[in-house]
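Enquirer: Contents of data-v5.pdb (PDB, C-alpha atoms):
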```pdb
ATOM      1  CA  MET U 227      45.552 -92.126 116.890
ATOM      2  CA  VAL U 228      47.815 -93.378 114.172
ATOM      3  CA  ALA U 229      46.375 -95.330 111.264
ATOM      4  CA  THR U 230      48.766 -97.611 109.438
ATOM      5  CA  ASN U 231      46.918 -97.502 106.114
ATOM      6  CA  SER U 232      48.679 -94.820 104.090
ATOM      7  CA  SER U 233      46.339 -94.812 101.109
ATOM      8  CA  ARG U 234      44.345 -91.683 100.371
ATOM      9  CA  PRO U 235      41.362 -91.632 102.740
ATOM     10  CA  THR U 236      37.890 -91.586 101.228
ATOM     11  CA  ALA U 237      35.421 -88.851 102.131
ATOM     12  CA  PRO U 238      33.730 -89.697 105.439
ATOM     13  CA  SER U 239      30.148 -90.866 105.354
ATOM     14  CA  LEU U 240      27.348 -88.994 107.134
ATOM     15  CA  ARG U 241      27.534 -91.520 109.965
ATOM     16  CA  GLU U 242      31.293 -91.017 110.290
ATOM     17  CA  ARG U 243      30.871 -87.227 110.315
ATOM     18  CA  LYS U 244      28.275 -87.480 113.090
ATOM     19  CA  LYS U 245      30.587 -89.714 115.095
ATOM     20  CA  LEU U 246      33.468 -87.282 114.616
ATOM     21  CA  ARG U 247      31.339 -84.369 115.840
ATOM     22  CA  ALA U 248      30.276 -86.393 118.864
ATOM     23  CA  MET U 249      33.876 -87.327 119.678
ATOM     24  CA  LYS U 250      34.988 -83.701 119.466
ATOM     25  CA  HIS U 251      32.118 -82.673 121.741
ATOM     26  CA  VAL U 252      33.181 -85.271 124.302
ATOM     27  CA  GLN U 253      36.805 -84.166 123.984
ATOM     28  CA  ARG U 254      35.912 -80.526 124.637
ATOM     29  CA  GLU U 255      33.913 -81.488 127.729
ATOM     30  CA  ALA U 256      36.862 -83.560 128.944
ATOM     31  CA  LEU U 257      39.419 -80.805 128.317
ATOM     32  CA  GLN U 258      37.339 -78.253 130.182
ATOM     33  CA  ARG U 259      37.143 -80.464 133.267
ATOM     34  CA  PHE U 260      40.742 -81.655 133.121
ATOM     35  CA  THR U 261      41.941 -78.059 132.827
ATOM     36  CA  ASP U 262      39.766 -76.834 135.696
ATOM     37  CA  ARG U 263      40.324 -79.692 138.154
ATOM     38  CA  GLY U 264      43.231 -81.824 136.966
ATOM     39  CA  PHE U 265      43.408 -85.005 134.949
ATOM     40  CA  ASP U 266      43.323 -87.403 137.910
ATOM     41  CA  ASP U 267      40.286 -85.838 139.598
ATOM     42  CA  VAL U 268      37.827 -86.221 136.718
ATOM     43  CA  THR U 269      36.219 -89.536 135.802
ATOM     44  CA  VAL U 270      35.181 -90.793 132.399
ATOM     45  CA  GLU U 271      31.669 -91.264 133.753
ATOM     46  CA  GLU U 272      31.493 -87.594 134.714
ATOM     47  CA  ILE U 273      32.642 -86.546 131.252
ATOM     48  CA  ALA U 274      30.094 -88.839 129.633
ATOM     49  CA  ASP U 275      27.296 -87.327 131.734
ATOM     50  CA  ALA U 276      28.361 -83.803 130.802
ATOM     51  CA  ALA U 277      28.490 -84.712 127.108
ATOM     52  CA  GLU U 278      25.158 -86.571 127.338
ATOM     53  CA  VAL U 279      26.534 -89.841 126.038
ATOM     54  CA  SER U 280      27.124 -93.171 127.720
ATOM     55  CA  ALA U 281      30.433 -94.022 129.355
ATOM     56  CA  MET U 282      30.444 -97.135 127.168
ATOM     57  CA  SER U 283      30.371 -94.907 124.069
ATOM     58  CA  VAL U 284      33.297 -92.872 125.397
ATOM     59  CA  TYR U 285      35.363 -96.015 125.968
ATOM     60  CA  ARG U 286      34.343 -97.432 122.584
ATOM     61  CA  TRP U 287      35.371 -94.246 120.776
ATOM     62  CA  PHE U 288      38.547 -93.411 122.682
ATOM     63  CA  GLY U 289      39.643 -96.588 124.459
ATOM     64  CA  THR U 290      41.377 -94.887 127.376
ATOM     65  CA  LYS U 291      41.020 -91.784 129.508
ATOM     66  CA  GLU U 292      44.330 -90.488 128.143
ATOM     67  CA  ALA U 293      43.046 -90.785 124.577
ATOM     68  CA  LEU U 294      40.318 -88.262 125.394
ATOM     69  CA  VAL U 295      43.107 -85.689 125.183
ATOM     70  CA  ILE U 296      45.594 -87.375 122.830
ATOM     71  CA  TRP U 297      43.110 -88.279 120.090
ATOM     72  CA  ASP U 298      42.781 -86.356 116.858
ATOM     73  CA  GLU U 299      41.827 -87.246 113.302
ATOM     74  CA  PHE U 300      44.961 -85.883 111.641
ATOM     75  CA  ASP U 301      47.264 -88.905 111.260
ATOM     76  CA  PRO U 302      45.530 -90.652 108.336
ATOM     77  CA  PRO U 303      45.533 -87.518 106.128
ATOM     78  CA  ILE U 304      49.145 -86.800 107.116
ATOM     79  CA  LEU U 305      50.234 -90.273 106.026
ATOM     80  CA  ALA U 306      48.241 -89.999 102.787
ATOM     81  CA  SER U 307      49.788 -86.607 102.015
ATOM     82  CA  VAL U 308      53.304 -87.854 102.797
ATOM     83  CA  THR U 309      52.781 -90.816 100.464
ATOM     84  CA  GLU U 310      51.583 -88.549  97.675
ATOM     85  CA  ARG U 311      54.555 -86.198  98.096
ATOM     86  CA  LEU U 312      57.031 -89.078  98.105
ATOM     87  CA  THR U 313      55.603 -90.431  94.858
ATOM     88  CA  GLN U 314      56.085 -86.946  93.401
ATOM     89  CA  GLY U 315      59.790 -87.141  94.235
ATOM     90  CA  HIS U 316      59.971 -85.102  97.433
ATOM     91  CA  PRO U 317      62.669 -86.201  99.942
ATOM     92  CA  PRO U 318      61.226 -87.865 103.069
ATOM     93  CA  LEU U 319      61.672 -84.984 105.520
ATOM     94  CA  ALA U 320      60.443 -82.438 102.989
ATOM     95  CA  ALA U 321      57.407 -84.651 102.360
ATOM     96  CA  VAL U 322      56.554 -84.733 106.073
ATOM     97  CA  ARG U 323      57.149 -81.005 106.518
ATOM     98  CA  GLY U 324      54.986 -80.184 103.514
ATOM     99  CA  ALA U 325      52.205 -82.521 104.643
ATOM    100  CA  LEU U 326      52.176 -81.061 108.152
ATOM    101  CA  VAL U 327      52.182 -77.444 107.020
ATOM    102  CA  ALA U 328      49.404 -78.072 104.486
ATOM    103  CA  LEU U 329      47.270 -79.802 107.118
ATOM    104  CA  LEU U 330      47.847 -77.038 109.639
ATOM    105  CA  ASP U 331      46.845 -74.389 107.133
ATOM    106  CA  GLU U 332      43.642 -76.315 106.462
ATOM    107  CA  VAL U 333      42.662 -77.596 109.908
ATOM    108  CA  TYR U 334      44.611 -76.068 112.781
ATOM    109  CA  ASP U 335      43.576 -72.507 111.973
ATOM    110  CA  ARG U 336      39.952 -73.368 112.672
ATOM    111  CA  GLU U 337      40.776 -75.604 115.669
ATOM    112  CA  ARG U 338      43.752 -73.707 117.072
ATOM    113  CA  ASP U 339      42.319 -73.115 120.555
ATOM    114  CA  LEU U 340      41.322 -76.754 121.012
ATOM    115  CA  ALA U 341      44.686 -77.982 119.726
ATOM    116  CA  LEU U 342      46.612 -75.602 121.995
ATOM    117  CA  ALA U 343      44.548 -76.551 125.058
ATOM    118  CA  ARG U 344      45.172 -80.233 124.349
ATOM    119  CA  THR U 345      48.894 -79.717 123.846
ATOM    120  CA  GLN U 346      49.402 -77.639 126.979
ATOM    121  CA  LEU U 347      47.444 -80.099 129.088
ATOM    122  CA  ILE U 348      49.530 -82.977 127.706
ATOM    123  CA  HIS U 349      52.741 -81.223 128.735
ATOM    124  CA  ARG U 350      51.425 -80.589 132.259
ATOM    125  CA  GLU U 351      50.261 -84.114 133.027
ATOM    126  CA  PRO U 352      52.839 -86.946 133.217
ATOM    127  CA  ALA U 353      50.339 -89.650 132.241
ATOM    128  CA  LEU U 354      49.291 -87.689 129.175
ATOM    129  CA  LEU U 355      52.869 -86.905 128.193
ATOM    130  CA  ALA U 356      53.711 -90.607 128.379
ATOM    131  CA  ALA U 357      50.704 -91.407 126.177
ATOM    132  CA  ALA U 358      51.708 -88.686 123.702
ATOM    133  CA  THR U 359      55.241 -90.074 123.577
ATOM    134  CA  ALA U 360      53.843 -93.509 122.763
ATOM    135  CA  ASN U 361      51.670 -91.948 120.067
ATOM    136  CA  GLY U 362      54.761 -90.280 118.606
ATOM    137  CA  ARG U 363      56.440 -93.674 118.398
ATOM    138  CA  ALA U 364      53.349 -95.027 116.646
ATOM    139  CA  LEU U 365      53.576 -92.224 114.083
ATOM    140  CA  ARG U 366      57.264 -93.043 113.574
ATOM    141  CA  ASP U 367      56.384 -96.692 113.058
ATOM    142  CA  ALA U 368      53.673 -95.727 110.554
ATOM    143  CA  LEU U 369      55.991 -93.430 108.609
ATOM    144  CA  THR U 370      58.808 -96.000 108.380
ATOM    145  CA  PRO U 371      57.164 -98.378 105.863
ATOM    146  CA  VAL U 372      55.798 -95.402 103.920
ATOM    147  CA  PHE U 373      59.346 -94.074 103.514
ATOM    148  CA  ALA U 374      60.682 -97.514 102.640
ATOM    149  CA  ALA U 375      57.977 -98.237 100.054
ATOM    150  CA  HIS U 376      57.720 -94.860  98.362
ATOM    151  CA  GLY U 377      61.020 -93.160  99.119
ATOM    152  CA  GLN U 378      63.246 -95.894  97.686
ATOM    153  CA  MET U 379      65.095 -96.288 101.002
ATOM    154  CA  THR U 380      66.487 -99.203 102.952
ATOM    155  CA  ALA U 381      64.615-100.217 106.077
ATOM    156  CA  THR U 382      67.317 -98.702 108.296
ATOM    157  CA  ARG U 383      67.364 -95.364 106.469
ATOM    158  CA  ALA U 384      63.582 -95.269 106.477
ATOM    159  CA  ARG U 385      63.440 -95.782 110.249
ATOM    160  CA  VAL U 386      66.125 -93.151 110.848
ATOM    161  CA  ALA U 387      64.251 -90.666 108.648
ATOM    162  CA  ALA U 388      60.952 -91.414 110.432
ATOM    163  CA  THR U 389      62.619 -90.992 113.836
ATOM    164  CA  ILE U 390      64.060 -87.627 112.802
ATOM    165  CA  ALA U 391      60.750 -86.458 111.352
ATOM    166  CA  THR U 392      58.778 -87.246 114.502
ATOM    167  CA  ALA U 393      61.458 -85.688 116.729
ATOM    168  CA  LEU U 394      61.342 -82.474 114.689
ATOM    169  CA  LEU U 395      57.555 -82.416 114.954
ATOM    170  CA  GLU U 396      57.714 -82.943 118.725
ATOM    171  CA  THR U 397      60.275 -80.130 119.035
ATOM    172  CA  ALA U 398      57.986 -77.723 117.167
ATOM    173  CA  VAL U 399      54.887 -78.720 119.152
ATOM    174  CA  ASP U 400      56.742 -78.328 122.454
ATOM    175  CA  ALA U 401      57.950 -74.850 121.459
ATOM    176  CA  TRP U 402      54.420 -73.929 120.365
ATOM    177  CA  GLN U 403      52.843 -74.806 123.688
ATOM    178  CA  ARG U 404      55.645 -73.184 125.712
ATOM    179  CA  GLU U 405      55.175 -69.965 123.723
ATOM    180  CA  ASP U 406      51.415 -70.177 124.392
ATOM    181  CA  GLY U 407      50.686 -70.370 120.684
ATOM    182  CA  GLN U 408      52.108 -66.915 119.997
ATOM    183  CA  ARG U 409      53.512 -68.043 116.649
ATOM    184  CA  PRO U 410      51.720 -70.306 114.174
ATOM    185  CA  LEU U 411      52.553 -73.982 114.647
ATOM    186  CA  ALA U 412      53.217 -74.275 110.901
ATOM    187  CA  GLU U 413      55.950 -71.631 111.243
ATOM    188  CA  LEU U 414      57.579 -73.507 114.111
ATOM    189  CA  ILE U 415      57.466 -76.774 112.174
ATOM    190  CA  THR U 416      59.151 -75.130 109.193
ATOM    191  CA  GLU U 417      61.777 -73.665 111.529
ATOM    192  CA  SER U 418      62.355 -76.999 113.252
ATOM    193  CA  PHE U 419      62.846 -78.910 109.993
ATOM    194  CA  ALA U 420      65.160 -76.210 108.658
ATOM    195  CA  ALA U 421      67.336 -76.372 111.802
ATOM    196  CA  ILE U 422      68.855 -79.750 110.913
ATOM    197  CA  LYS U 423      70.537 -78.450 107.767
ATOM    198  CA  GLY U 424      74.309 -78.655 108.131
ATOM    199  CA  LEU U 425      74.232 -80.784 111.299
ATOM    200  CA  SER U 426      75.548 -83.961 109.641
TER     201      SER U 426
END
```
Using the file provided, produce a representation of the structure as structure tokens.
Expert:
Amino acid sequence: MVATNSSRPTAPSLRERKKLRAMKHVQREALQRFTDRGFDDVTVEEIADAAEVSAMSVYRWFGTKEALVIWDEFDPPILASVTERLTQGHPPLAAVRGALVALLDEVYDRERDLALARTQLIHREPALLAAATANGRALRDALTPVFAAHGQMTATRARVAATIATALLETAVDAWQREDGQRPLAELITESFAAIKGLS
């Protein structure tokens, strides 16, 4: 989920790394069952049993059943990377594109199958798609003050830029899942951001 603190994240502690591994294990168990039987027909309690954790832990970590699919740990490093690129003089959309592509090169290559399974399930299930849409708005709202503070923009221009950036990301992710991951997501993001040139 989106974190609003855009400062560079510190290295996770051993406890945080263990928690992250446990959350990913739970998420994989959830995805397997949601994919096999449908989102509505699987309970959180069943997922917790399969992952050998308590249902209370699942709710404490994720909050909602939808977040079992929506959750990832990518937003804080994206915001930190965008902030760094803005302070280096990159335009807002270029900063977001660069941050996303760098993250994908680092993380998505090793978690491609999990990310694709999550994304395709989200686009099949209305409740998950609604949750993902809300998460996209949260990312937009997190990017807006980052643009305003570090991109020397008015509040209105910052919100417009953040709205465009998240829409371009959503366009690339949708194309990626419809193409069954045939092309790298980083390539589709680059293509999506390049497509707006000359539209204004």
Enquirer: For the file shown, report as an mmCIF file with C-alpha atoms, in the frame of the given file the outcome of the PyMOL selection byres ((chain U and resi 388) around 10) at residue level.
Expert:
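The result, written out as out.cif:
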```
data_model
loop_
_atom_site.group_PDB
_atom_site.id
_atom_site.type_symbol
_atom_site.label_atom_id
_atom_site.label_comp_id
_atom_site.auth_asym_id
_atom_site.auth_seq_id
_atom_site.Cartn_x
_atom_site.Cartn_y
_atom_site.Cartn_z
ATOM 1 C CA PRO U 318 61.226 -87.865 103.069
ATOM 2 C CA LEU U 319 61.672 -84.984 105.520
ATOM 3 C CA VAL U 322 56.554 -84.733 106.073
ATOM 4 C CA ARG U 363 56.440 -93.674 118.398
ATOM 5 C CA LEU U 365 53.576 -92.224 114.083
ATOM 6 C CA ARG U 366 57.264 -93.043 113.574
ATOM 7 C CA ASP U 367 56.384 -96.692 113.058
ATOM 8 C CA ALA U 368 53.673 -95.727 110.554
ATOM 9 C CA LEU U 369 55.991 -93.430 108.609
ATOM 10 C CA THR U 370 58.808 -96.000 108.380
ATOM 11 C CA PRO U 371 57.164 -98.378 105.863
ATOM 12 C CA VAL U 372 55.798 -95.402 103.920
ATOM 13 C CA PHE U 373 59.346 -94.074 103.514
ATOM 14 C CA ALA U 374 60.682 -97.514 102.640
ATOM 15 C CA THR U 382 67.317 -98.702 108.296
ATOM 16 C CA ARG U 383 67.364 -95.364 106.469
ATOM 17 C CA ALA U 384 63.582 -95.269 106.477
ATOM 18 C CA ARG U 385 63.440 -95.782 110.249
ATOM 19 C CA VAL U 386 66.125 -93.151 110.848
ATOM 20 C CA ALA U 387 64.251 -90.666 108.648
ATOM 21 C CA THR U 389 62.619 -90.992 113.836
ATOM 22 C CA ILE U 390 64.060 -87.627 112.802
ATOM 23 C CA ALA U 391 60.750 -86.458 111.352
ATOM 24 C CA THR U 392 58.778 -87.246 114.502
ATOM 25 C CA ALA U 393 61.458 -85.688 116.729
ATOM 26 C CA LEU U 394 61.342 -82.474 114.689
#
```
Enquirer: Hey, can you check how far atom CA of Ser239 of chain U sits from atom CA of Ile273 of chain U?
Expert: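 So the two atoms, atom CA of Ser239 of chain U and atom CA of Ile273 of chain U, lie 26.4 Å apart.
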Enquirer: Might you pull out every residue within 10 Å of Val327 of chain U, with only C-alpha atoms counted and same-chain residues fewer than 6 positions away left off, and present them as a list in words?
Expert: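 The filter keeps Ile304, Val333, Tyr334, Leu411, Ala412, Glu413, Leu414, Ile415 and Thr416 of chain U.
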Enquirer: Select, counting all atoms listed in the file, all protein, DNA and RNA residues no farther than 8 Å from (40.2, -84.1, 116.3) in file coordinates, and express the selection as a ChimeraX atom specification.
Expert: /U:246,249-250,297-300
Enquirer: Excluding segment 354-358 of chain U and residues on its chain fewer than 6 positions from it, collect all residues at most 8 Å away from it, counting all atoms listed in the file, and give them as a list in words.
Expert: Glu292, Ala293, Val295, Ile296, Leu347 and Ile348 of chain U
Enquirer: Measuring atom to atom with only C-alpha atoms, identify which of U:His349, U:Lys244, U:Arg254, U:His376 is nearest to Leu312 of chain U.
Expert: U:His376
Enquirer: Where does the PyMOL selection byres ((chain U and resi 276) around 12) land in this file, that is, which residues does it pick, as number ranges by chain?
Expert: U: 251-259, 268-275, 277-281, 284
Enquirer: Rounded to one decimal in Å, what is the spacing between atom CA of Ala401 of chain U and atom CA of Leu342 of chain U?
Expert: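 Computing the Euclidean distance for atom CA of Ala401 of chain U and atom CA of Leu342 of chain U yields 11.4 Å.
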Enquirer: Take the PyMOL selection byres ((chain U and resi 310) around 10), apply it to the structure above, and return the hits as a PyMOL selection string.
Expert: chain U and resi 232-234+304-309+311-316+321+325+376
Enquirer: Do you have the atom CA of Glu405 of chain U-atom CA of Asp301 of chain U distance handy?
Expert: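 Atom-to-atom, atom CA of Glu405 of chain U to atom CA of Asp301 of chain U, that is 24.0 Å.
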